[in-house]
$ cat data35.tsv   # TSV, N, CA and C atoms
chain	number	residue	atom	x	y	z
D	1	GLU	N	27.11	16.90	5.14
D	1	GLU	CA	27.75	17.36	6.35
D	1	GLU	C	27.98	16.14	7.24
D	2	SER	N	29.11	16.09	7.88
D	2	SER	CA	29.39	14.98	8.79
D	2	SER	C	29.65	15.53	10.19
D	3	PHE	N	29.32	14.71	11.17
D	3	PHE	CA	29.47	15.09	12.57
D	3	PHE	C	30.42	14.14	13.26
D	4	PRO	N	31.19	14.61	14.22
D	4	PRO	CA	32.03	13.71	15.00
D	4	PRO	C	31.14	12.71	15.75
D	5	PRO	N	31.62	11.50	16.02
D	5	PRO	CA	30.81	10.49	16.71
D	5	PRO	C	30.26	10.96	18.06
D	6	LYS	N	30.94	11.91	18.70
D	6	LYS	CA	30.46	12.37	20.00
D	6	LYS	C	29.19	13.21	19.88
D	7	LEU	N	28.93	13.80	18.70
D	7	LEU	CA	27.75	14.64	18.54
D	7	LEU	C	26.49	13.84	18.22
D	8	ARG	N	26.55	12.94	17.23
D	8	ARG	CA	25.38	12.16	16.82
D	8	ARG	C	25.79	10.71	16.59
D	9	ARG	N	24.87	9.79	16.78
D	9	ARG	CA	25.10	8.38	16.51
D	9	ARG	C	23.87	7.81	15.79
D	10	ILE	N	24.11	6.79	14.98
D	10	ILE	CA	23.02	6.07	14.31
D	10	ILE	C	22.92	4.69	14.93
D	11	LEU	N	21.76	4.37	15.49
D	11	LEU	CA	21.48	3.05	16.05
D	11	LEU	C	20.56	2.31	15.10
D	12	SER	N	20.52	1.00	15.21
D	12	SER	CA	19.67	0.19	14.35
D	12	SER	C	18.86	-0.79	15.20
D	13	VAL	N	17.55	-0.87	14.92
D	13	VAL	CA	16.67	-1.85	15.54
D	13	VAL	C	15.95	-2.54	14.39
D	14	SER	N	16.03	-3.86	14.32
D	14	SER	CA	15.37	-4.58	13.23
D	14	SER	C	14.68	-5.83	13.75
D	15	GLY	N	13.73	-6.33	12.97
D	15	GLY	CA	13.00	-7.55	13.32
D	15	GLY	C	12.04	-7.94	12.23
D	16	LYS	N	11.60	-9.18	12.26
D	16	LYS	CA	10.64	-9.69	11.27
D	16	LYS	C	9.27	-9.08	11.51
D	17	GLY	N	8.56	-8.83	10.42
D	17	GLY	CA	7.21	-8.29	10.52
D	17	GLY	C	7.19	-6.96	11.24
D	18	ASP	N	6.31	-6.84	12.23
D	18	ASP	CA	6.22	-5.59	12.98
D	18	ASP	C	6.88	-5.68	14.36
D	19	HIS	N	7.80	-6.64	14.56
D	19	HIS	CA	8.46	-6.79	15.86
D	19	HIS	C	9.27	-5.55	16.25
D	20	ALA	N	10.00	-4.96	15.31
D	20	ALA	CA	10.79	-3.76	15.61
D	20	ALA	C	9.87	-2.59	15.97
D	21	THR	N	8.76	-2.47	15.23
D	21	THR	CA	7.79	-1.40	15.50
D	21	THR	C	7.17	-1.58	16.87
D	22	THR	N	6.78	-2.81	17.21
D	22	THR	CA	6.18	-3.09	18.51
D	22	THR	C	7.17	-2.80	19.63
D	23	TYR	N	8.42	-3.17	19.45
D	23	TYR	CA	9.45	-2.94	20.46
D	23	TYR	C	9.63	-1.44	20.72
D	24	LEU	N	9.71	-0.64	19.65
D	24	LEU	CA	9.95	0.80	19.80
D	24	LEU	C	8.71	1.57	20.23
D	25	GLN	N	7.51	1.04	19.97
D	25	GLN	CA	6.27	1.78	20.20
D	25	GLN	C	6.16	2.31	21.63
D	26	GLY	N	6.50	1.54	22.62
D	26	GLY	CA	6.38	1.98	24.01
D	26	GLY	C	7.53	2.84	24.49
D	27	LEU	N	8.55	3.00	23.66
D	27	LEU	CA	9.74	3.76	24.07
D	27	LEU	C	9.78	5.17	23.51
D	28	VAL	N	8.91	5.48	22.54
D	28	VAL	CA	8.96	6.78	21.87
D	28	VAL	C	7.63	7.51	21.99
D	29	THR	N	7.66	8.80	21.71
D	29	THR	CA	6.46	9.63	21.84
D	29	THR	C	5.55	9.59	20.62
D	30	SER	N	6.02	9.09	19.49
D	30	SER	CA	5.18	9.07	18.29
D	30	SER	C	4.52	7.71	18.12
D	31	ASP	N	3.38	7.70	17.42
D	31	ASP	CA	2.65	6.46	17.15
D	31	ASP	C	3.23	5.84	15.88
D	32	LEU	N	3.99	4.77	16.03
D	32	LEU	CA	4.66	4.15	14.89
D	32	LEU	C	3.73	3.28	14.06
D	33	PHE	N	2.53	3.00	14.56
D	33	PHE	CA	1.58	2.19	13.82
D	33	PHE	C	0.67	3.01	12.90
D	34	SER	N	0.79	4.33	12.93
D	34	SER	CA	-0.02	5.16	12.04
D	34	SER	C	0.89	6.04	11.19
D	35	GLU	N	0.37	6.50	10.07
D	35	GLU	CA	1.12	7.37	9.16
D	35	GLU	C	1.33	8.73	9.81
D	36	PRO	N	2.54	9.28	9.73
D	36	PRO	CA	2.74	10.64	10.25
D	36	PRO	C	2.04	11.66	9.35
D	37	LYS	N	1.61	12.75	9.94
D	37	LYS	CA	0.95	13.80	9.17
D	37	LYS	C	2.00	14.62	8.43
D	38	ALA	N	1.66	14.99	7.21
D	38	ALA	CA	2.54	15.85	6.43
D	38	ALA	C	2.54	17.25	7.04
D	39	PRO	N	3.66	17.97	6.96
D	39	PRO	CA	3.68	19.32	7.51
D	39	PRO	C	2.72	20.22	6.74
D	40	ARG	N	2.23	21.23	7.41
D	40	ARG	CA	1.30	22.14	6.74
D	40	ARG	C	2.05	23.01	5.73
D	41	GLU	N	1.38	23.37	4.69
D	41	GLU	CA	1.96	24.24	3.66
D	41	GLU	C	2.07	25.65	4.21
D	42	GLU	N	3.15	26.34	3.86
D	42	GLU	CA	3.28	27.73	4.26
D	42	GLU	C	2.47	28.59	3.31
D	43	ASP	N	1.80	29.60	3.86
D	43	ASP	CA	1.01	30.47	2.99
D	43	ASP	C	1.93	31.44	2.25
D	44	SER	N	1.46	31.94	1.14
D	44	SER	CA	2.29	32.79	0.28
D	44	SER	C	2.69	34.10	0.97
D	45	GLU	N	1.86	34.61	1.88
D	45	GLU	CA	2.19	35.85	2.59
D	45	GLU	C	3.42	35.65	3.48
D	46	SER	N	3.51	34.52	4.17
D	46	SER	CA	4.68	34.22	5.01
D	46	SER	C	5.93	34.09	4.17
D	47	LEU	N	5.80	33.43	3.02
D	47	LEU	CA	6.95	33.24	2.15
D	47	LEU	C	7.45	34.56	1.59
D	48	ARG	N	6.53	35.46	1.21
D	48	ARG	CA	6.93	36.78	0.70
D	48	ARG	C	7.65	37.58	1.79
D	49	ALA	N	7.16	37.52	3.03
D	49	ALA	CA	7.79	38.23	4.13
D	49	ALA	C	9.20	37.69	4.38
D	50	LEU	N	9.34	36.38	4.32
D	50	LEU	CA	10.65	35.76	4.52
D	50	LEU	C	11.61	36.15	3.40
D	51	GLU	N	11.14	36.16	2.16
D	51	GLU	CA	11.98	36.56	1.03
D	51	GLU	C	12.45	38.00	1.19
D	52	GLY	N	11.59	38.87	1.69
D	52	GLY	CA	11.96	40.27	1.92
D	52	GLY	C	13.06	40.39	2.97
D	53	LEU	N	12.97	39.59	4.03
D	53	LEU	CA	14.00	39.61	5.06
D	53	LEU	C	15.33	39.11	4.52
D	54	VAL	N	15.31	38.04	3.74
D	54	VAL	CA	16.53	37.46	3.20
D	54	VAL	C	17.19	38.42	2.22
D	55	SER	N	16.41	39.01	1.33
D	55	SER	CA	17.00	39.89	0.32
D	55	SER	C	17.56	41.17	0.94
D	56	SER	N	16.90	41.72	1.96
D	56	SER	CA	17.41	42.96	2.56
D	56	SER	C	18.66	42.70	3.39
D	57	SER	N	18.72	41.55	4.09
D	57	SER	CA	19.91	41.27	4.90
D	57	SER	C	21.07	40.83	4.04
D	58	SER	N	20.83	40.12	2.94
D	58	SER	CA	21.93	39.64	2.11
D	58	SER	C	22.52	40.76	1.26
D	59	SER	N	21.75	41.79	0.96
D	59	SER	CA	22.31	42.87	0.15
D	59	SER	C	23.31	43.72	0.93
D	60	SER	N	23.23	43.67	2.27
D	60	SER	CA	24.17	44.46	3.06
D	60	SER	C	25.39	43.65	3.49
D	61	LEU	N	25.39	42.33	3.23
D	61	LEU	CA	26.52	41.49	3.61
D	61	LEU	C	27.52	41.37	2.47
D	62	ASN	N	28.78	41.48	2.78
D	62	ASN	CA	29.84	41.34	1.80
D	62	ASN	C	30.82	40.28	2.26
D	63	VAL	N	31.47	39.63	1.32
D	63	VAL	CA	32.42	38.59	1.66
D	63	VAL	C	33.61	39.16	2.41
D	64	ASP	N	34.09	40.32	2.02
D	64	ASP	CA	35.27	40.89	2.67
D	64	ASP	C	34.94	41.62	3.97
D	65	GLY	N	33.66	41.68	4.35
D	65	GLY	CA	33.26	42.29	5.60
D	65	GLY	C	33.16	43.80	5.55
D	66	GLY	N	33.57	44.43	4.46
D	66	GLY	CA	33.52	45.88	4.35
D	66	GLY	C	32.27	46.34	3.64
D	67	SER	N	32.25	47.61	3.33
D	67	SER	CA	31.08	48.17	2.67
D	67	SER	C	31.12	47.96	1.16
D	68	GLY	N	32.29	47.69	0.61
D	68	GLY	CA	32.39	47.46	-0.83
D	68	GLY	C	32.91	46.06	-1.07
D	69	GLY	N	32.99	45.67	-2.32
D	69	GLY	CA	33.51	44.35	-2.63
D	69	GLY	C	32.44	43.41	-3.13
D	70	LEU	N	32.73	42.14	-3.08
D	70	LEU	CA	31.82	41.12	-3.60
D	70	LEU	C	30.73	40.80	-2.59
D	71	GLU	N	29.52	40.63	-3.09
D	71	GLU	CA	28.41	40.24	-2.24
D	71	GLU	C	28.32	38.72	-2.20
D	72	GLU	N	27.79	38.18	-1.08
D	72	GLU	CA	27.60	36.74	-0.97
D	72	GLU	C	26.52	36.30	-1.94
D	73	PRO	N	26.71	35.16	-2.59
D	73	PRO	CA	25.66	34.67	-3.49
D	73	PRO	C	24.45	34.18	-2.70
D	74	MET	N	23.27	34.37	-3.27
D	74	MET	CA	22.04	33.91	-2.63
D	74	MET	C	21.97	32.39	-2.74
D	75	GLU	N	21.55	31.71	-1.67
D	75	GLU	CA	21.35	30.27	-1.73
D	75	GLU	C	20.08	30.00	-2.50
D	76	GLN	N	20.13	28.97	-3.32
D	76	GLN	CA	18.96	28.61	-4.09
D	76	GLN	C	18.04	27.74	-3.23
D	77	GLU	N	16.75	27.98	-3.32
D	77	GLU	CA	15.79	27.22	-2.54
D	77	GLU	C	15.66	25.81	-3.12
D	78	VAL	N	15.81	24.81	-2.26
D	78	VAL	CA	15.71	23.42	-2.67
D	78	VAL	C	14.38	22.88	-2.18
D	79	PRO	N	13.56	22.30	-3.07
D	79	PRO	CA	12.28	21.76	-2.61
D	79	PRO	C	12.50	20.55	-1.71
D	80	VAL	N	11.72	20.46	-0.65
D	80	VAL	CA	11.81	19.36	0.30
D	80	VAL	C	10.61	18.46	0.09
D	81	GLN	N	10.86	17.18	-0.11
D	81	GLN	CA	9.78	16.22	-0.30
D	81	GLN	C	9.48	15.52	1.02
D	82	PHE	N	8.22	15.50	1.42
D	82	PHE	CA	7.80	14.81	2.64
D	82	PHE	C	7.81	13.31	2.39
D	83	THR	N	8.30	12.54	3.35
D	83	THR	CA	8.24	11.08	3.29
D	83	THR	C	7.72	10.55	4.61
D	84	SER	N	6.88	9.56	4.55
D	84	SER	CA	6.34	8.97	5.77
D	84	SER	C	7.32	7.97	6.38
D	85	LYS	N	8.45	7.73	5.74
D	85	LYS	CA	9.44	6.78	6.26
D	85	LYS	C	10.33	7.40	7.33
D	86	MET	N	10.29	8.72	7.48
D	86	MET	CA	11.08	9.40	8.48
D	86	MET	C	10.19	10.20	9.41
D	87	ARG	N	10.52	10.21	10.67
D	87	ARG	CA	9.75	11.02	11.64
D	87	ARG	C	10.63	11.42	12.81
D	88	SER	N	10.29	12.51	13.41
D	88	SER	CA	11.00	12.94	14.63
D	88	SER	C	10.22	12.42	15.83
D	89	THR	N	10.93	12.15	16.89
D	89	THR	CA	10.30	11.61	18.09
D	89	THR	C	11.20	11.86	19.29
D	90	CYS	N	10.75	11.47	20.45
D	90	CYS	CA	11.55	11.51	21.67
D	90	CYS	C	11.50	10.14	22.33
D	91	PHE	N	12.61	9.72	22.92
D	91	PHE	CA	12.64	8.49	23.69
D	91	PHE	C	12.25	8.78	25.13
D	92	LEU	N	11.54	7.83	25.74
D	92	LEU	CA	11.03	8.00	27.10
D	92	LEU	C	11.68	6.99	28.05
D	93	ASP	N	11.79	7.36	29.33
D	93	ASP	CA	12.26	6.39	30.33
D	93	ASP	C	11.06	5.60	30.86
D	94	HIS	N	11.28	4.74	31.85
D	94	HIS	CA	10.21	3.88	32.36
D	94	HIS	C	9.10	4.67	33.07
D	95	ARG	N	9.36	5.91	33.44
D	95	ARG	CA	8.33	6.76	34.06
D	95	ARG	C	7.62	7.65	33.05
D	96	GLY	N	8.04	7.57	31.78
D	96	GLY	CA	7.40	8.39	30.76
D	96	GLY	C	8.03	9.76	30.58
D	97	ARG	N	9.19	9.97	31.17
D	97	ARG	CA	9.90	11.25	31.03
D	97	ARG	C	10.81	11.19	29.82
D	98	ILE	N	10.97	12.33	29.17
D	98	ILE	CA	11.78	12.38	27.94
D	98	ILE	C	13.25	12.22	28.27
D	99	LEU	N	13.90	11.29	27.55
D	99	LEU	CA	15.34	11.08	27.68
D	99	LEU	C	16.11	11.88	26.64
D	100	THR	N	15.68	11.78	25.38
D	100	THR	CA	16.38	12.45	24.29
D	100	THR	C	15.50	12.54	23.07
D	101	ASP	N	15.88	13.42	22.16
D	101	ASP	CA	15.19	13.52	20.88
D	101	ASP	C	15.82	12.53	19.91
D	102	ALA	N	15.13	12.22	18.83
D	102	ALA	CA	15.65	11.28	17.84
D	102	ALA	C	14.93	11.45	16.52
D	103	LEU	N	15.59	10.99	15.47
D	103	LEU	CA	14.97	10.88	14.15
D	103	LEU	C	14.92	9.40	13.80
D	104	LEU	N	13.78	8.91	13.34
D	104	LEU	CA	13.61	7.51	12.96
D	104	LEU	C	13.40	7.39	11.47
D	105	TRP	N	14.13	6.47	10.84
D	105	TRP	CA	13.91	6.13	9.44
D	105	TRP	C	13.50	4.68	9.40
D	106	LYS	N	12.38	4.38	8.77
D	106	LYS	CA	11.90	3.01	8.65
D	106	LYS	C	12.21	2.51	7.24
D	107	ARG	N	12.81	1.30	7.16
D	107	ARG	CA	13.10	0.74	5.85
D	107	ARG	C	13.01	-0.78	5.93
D	108	SER	N	12.87	-1.39	4.76
D	108	SER	CA	12.82	-2.83	4.65
D	108	SER	C	14.19	-3.36	4.25
D	109	LEU	N	14.66	-4.39	4.92
D	109	LEU	CA	15.95	-4.98	4.59
D	109	LEU	C	15.83	-5.99	3.46
D	110	ASP	N	14.60	-6.37	3.11
D	110	ASP	CA	14.36	-7.36	2.07
D	110	ASP	C	14.12	-6.75	0.70
D	111	GLY	N	14.18	-5.42	0.61
D	111	GLY	CA	13.93	-4.75	-0.66
D	111	GLY	C	12.45	-4.56	-0.96
D	112	GLU	N	11.58	-4.99	-0.07
D	112	GLU	CA	10.13	-4.81	-0.24
D	112	GLU	C	9.76	-3.38	0.14
D	113	PRO	N	8.72	-2.82	-0.48
D	113	PRO	CA	8.29	-1.48	-0.07
D	113	PRO	C	7.78	-1.51	1.37
D	114	VAL	N	8.08	-0.46	2.11
D	114	VAL	CA	7.69	-0.37	3.52
D	114	VAL	C	6.37	0.35	3.63
D	115	ASN	N	5.42	-0.28	4.31
D	115	ASN	CA	4.16	0.37	4.64
D	115	ASN	C	4.32	0.89	6.06
D	116	THR	N	4.28	2.19	6.23
D	116	THR	CA	4.55	2.79	7.53
D	116	THR	C	3.47	2.50	8.55
D	117	ALA	N	2.23	2.44	8.11
D	117	ALA	CA	1.13	2.27	9.05
D	117	ALA	C	1.09	0.86	9.64
D	118	ASN	N	1.28	-0.15	8.83
D	118	ASN	CA	1.32	-1.51	9.35
D	118	ASN	C	2.15	-2.37	8.42
D	119	ASN	N	2.60	-3.48	8.92
D	119	ASN	CA	3.46	-4.36	8.15
D	119	ASN	C	2.72	-5.68	7.99
D	120	ASP	N	1.98	-5.83	6.89
D	120	ASP	CA	1.15	-7.01	6.69
D	120	ASP	C	1.98	-8.26	6.42
D	121	ASN	N	3.16	-8.10	5.84
D	121	ASN	CA	3.99	-9.23	5.48
D	121	ASN	C	4.88	-9.61	6.66
D	122	ALA	N	4.55	-10.72	7.34
D	122	ALA	CA	5.31	-11.13	8.53
D	122	ALA	C	6.71	-11.61	8.18
D	123	ALA	N	6.98	-11.92	6.90
D	123	ALA	CA	8.30	-12.40	6.50
D	123	ALA	C	9.26	-11.25	6.21
D	124	THR	N	8.74	-10.04	6.06
D	124	THR	CA	9.58	-8.89	5.75
D	124	THR	C	10.36	-8.45	6.99
D	125	THR	N	11.64	-8.21	6.81
D	125	THR	CA	12.46	-7.70	7.91
D	125	THR	C	12.46	-6.19	7.85
D	126	THR	N	11.99	-5.56	8.92
D	126	THR	CA	11.91	-4.11	9.01
D	126	THR	C	13.03	-3.60	9.90
D	127	GLU	N	13.66	-2.50	9.48
D	127	GLU	CA	14.72	-1.90	10.26
D	127	GLU	C	14.40	-0.43	10.50
D	128	TYR	N	14.69	0.02	11.70
D	128	TYR	CA	14.63	1.44	12.02
D	128	TYR	C	16.06	1.92	12.23
D	129	LEU	N	16.44	2.97	11.51
D	129	LEU	CA	17.70	3.66	11.77
D	129	LEU	C	17.35	4.84	12.66
D	130	ILE	N	18.05	4.96	13.77
D	130	ILE	CA	17.70	5.94	14.79
D	130	ILE	C	18.87	6.89	14.99
D	131	ASP	N	18.67	8.16	14.68
D	131	ASP	CA	19.69	9.20	14.85
D	131	ASP	C	19.47	9.86	16.21
D	132	VAL	N	20.44	9.68	17.11
D	132	VAL	CA	20.34	10.23	18.47
D	132	VAL	C	21.61	11.00	18.83
D	133	PRO	N	21.55	11.87	19.83
D	133	PRO	CA	22.77	12.51	20.30
D	133	PRO	C	23.77	11.46	20.77
D	134	GLY	N	25.06	11.70	20.55
D	134	GLY	CA	26.10	10.74	20.87
D	134	GLY	C	26.11	10.29	22.32
D	135	ASP	N	25.87	11.21	23.26
D	135	ASP	CA	25.90	10.82	24.66
D	135	ASP	C	24.70	9.96	25.04
D	136	ALA	N	23.59	10.05	24.31
D	136	ALA	CA	22.42	9.22	24.58
D	136	ALA	C	22.64	7.78	24.12
D	137	ALA	N	23.47	7.58	23.10
D	137	ALA	CA	23.71	6.24	22.57
D	137	ALA	C	24.51	5.40	23.54
D	138	ASP	N	25.30	6.01	24.39
D	138	ASP	CA	26.12	5.28	25.34
D	138	ASP	C	25.38	4.93	26.63
D	139	ALA	N	24.25	5.59	26.87
D	139	ALA	CA	23.53	5.40	28.13
D	139	ALA	C	22.78	4.08	28.17

$ encode --input "data35.tsv" --output "structure tokens"
Amino acid sequence: ESFPPKLRRILSVSGKGDHATTYLQGLVTSDLFSEPKAPREEDSESLRALEGLVSSSSSSLNVDGGSGGLEEPMEQEVPVQFTSKMRSTCFLDHRGRILTDALLWKRSLDGEPVNTANNDNAATTTEYLIDVPGDAADA
């Protein structure tokens, strides 16, 4: 899916070693020097209840909008893999008030594996790709 530039923008902050992490640390609500926690697993009872809601609502929906005709195909569930290289956060102003939400992706520009908790290799160039609302990127 693609968005017009006015809706979302991707910014980049990079630096040697942990310079990019240190720079962003005071600007965001998440701790960039520690590993993010994996989301909790959903229990089977919640999943069964959700499946019941989806199957009952999808059986009454038709493509042509009427009571007869073709039914919409069910979407197949895609497994989501947790990665510590991406996290959600908020940017703060100088008073500590929230400016905007953002998604951060941490990666190495040198092809070295990225350690999210700390960057022991001072020669490695680390980059953060930051997904923010379009109007926040211009501010």

$ atom_distance --input "data35.tsv" --atom1 "atom C of D:Arg95" --atom2 "atom N of D:Ser30"
13.7 Å

$ closest_residue --input "data35.tsv" --among "D:Leu99, D:Gly134, D:Glu127, D:Pro39" --to "D:Tyr23" --atoms "only C-alpha atoms"
D:Glu127

$ atom_distance --input "data35.tsv" --atom1 "atom CA of D:Asp131" --atom2 "atom CA of D:Gly17"
21.9 Å

$ atom_distance --input "data35.tsv" --atom1 "atom CA of D:Tyr128" --atom2 "atom CA of D:Ser12"
5.7 Å

$ closest_residue --input "data35.tsv" --among "D:Lys37, D:Arg97, D:Arg87, D:Lys16" --to "D:Thr125" --atoms "only C-alpha atoms"
D:Lys16
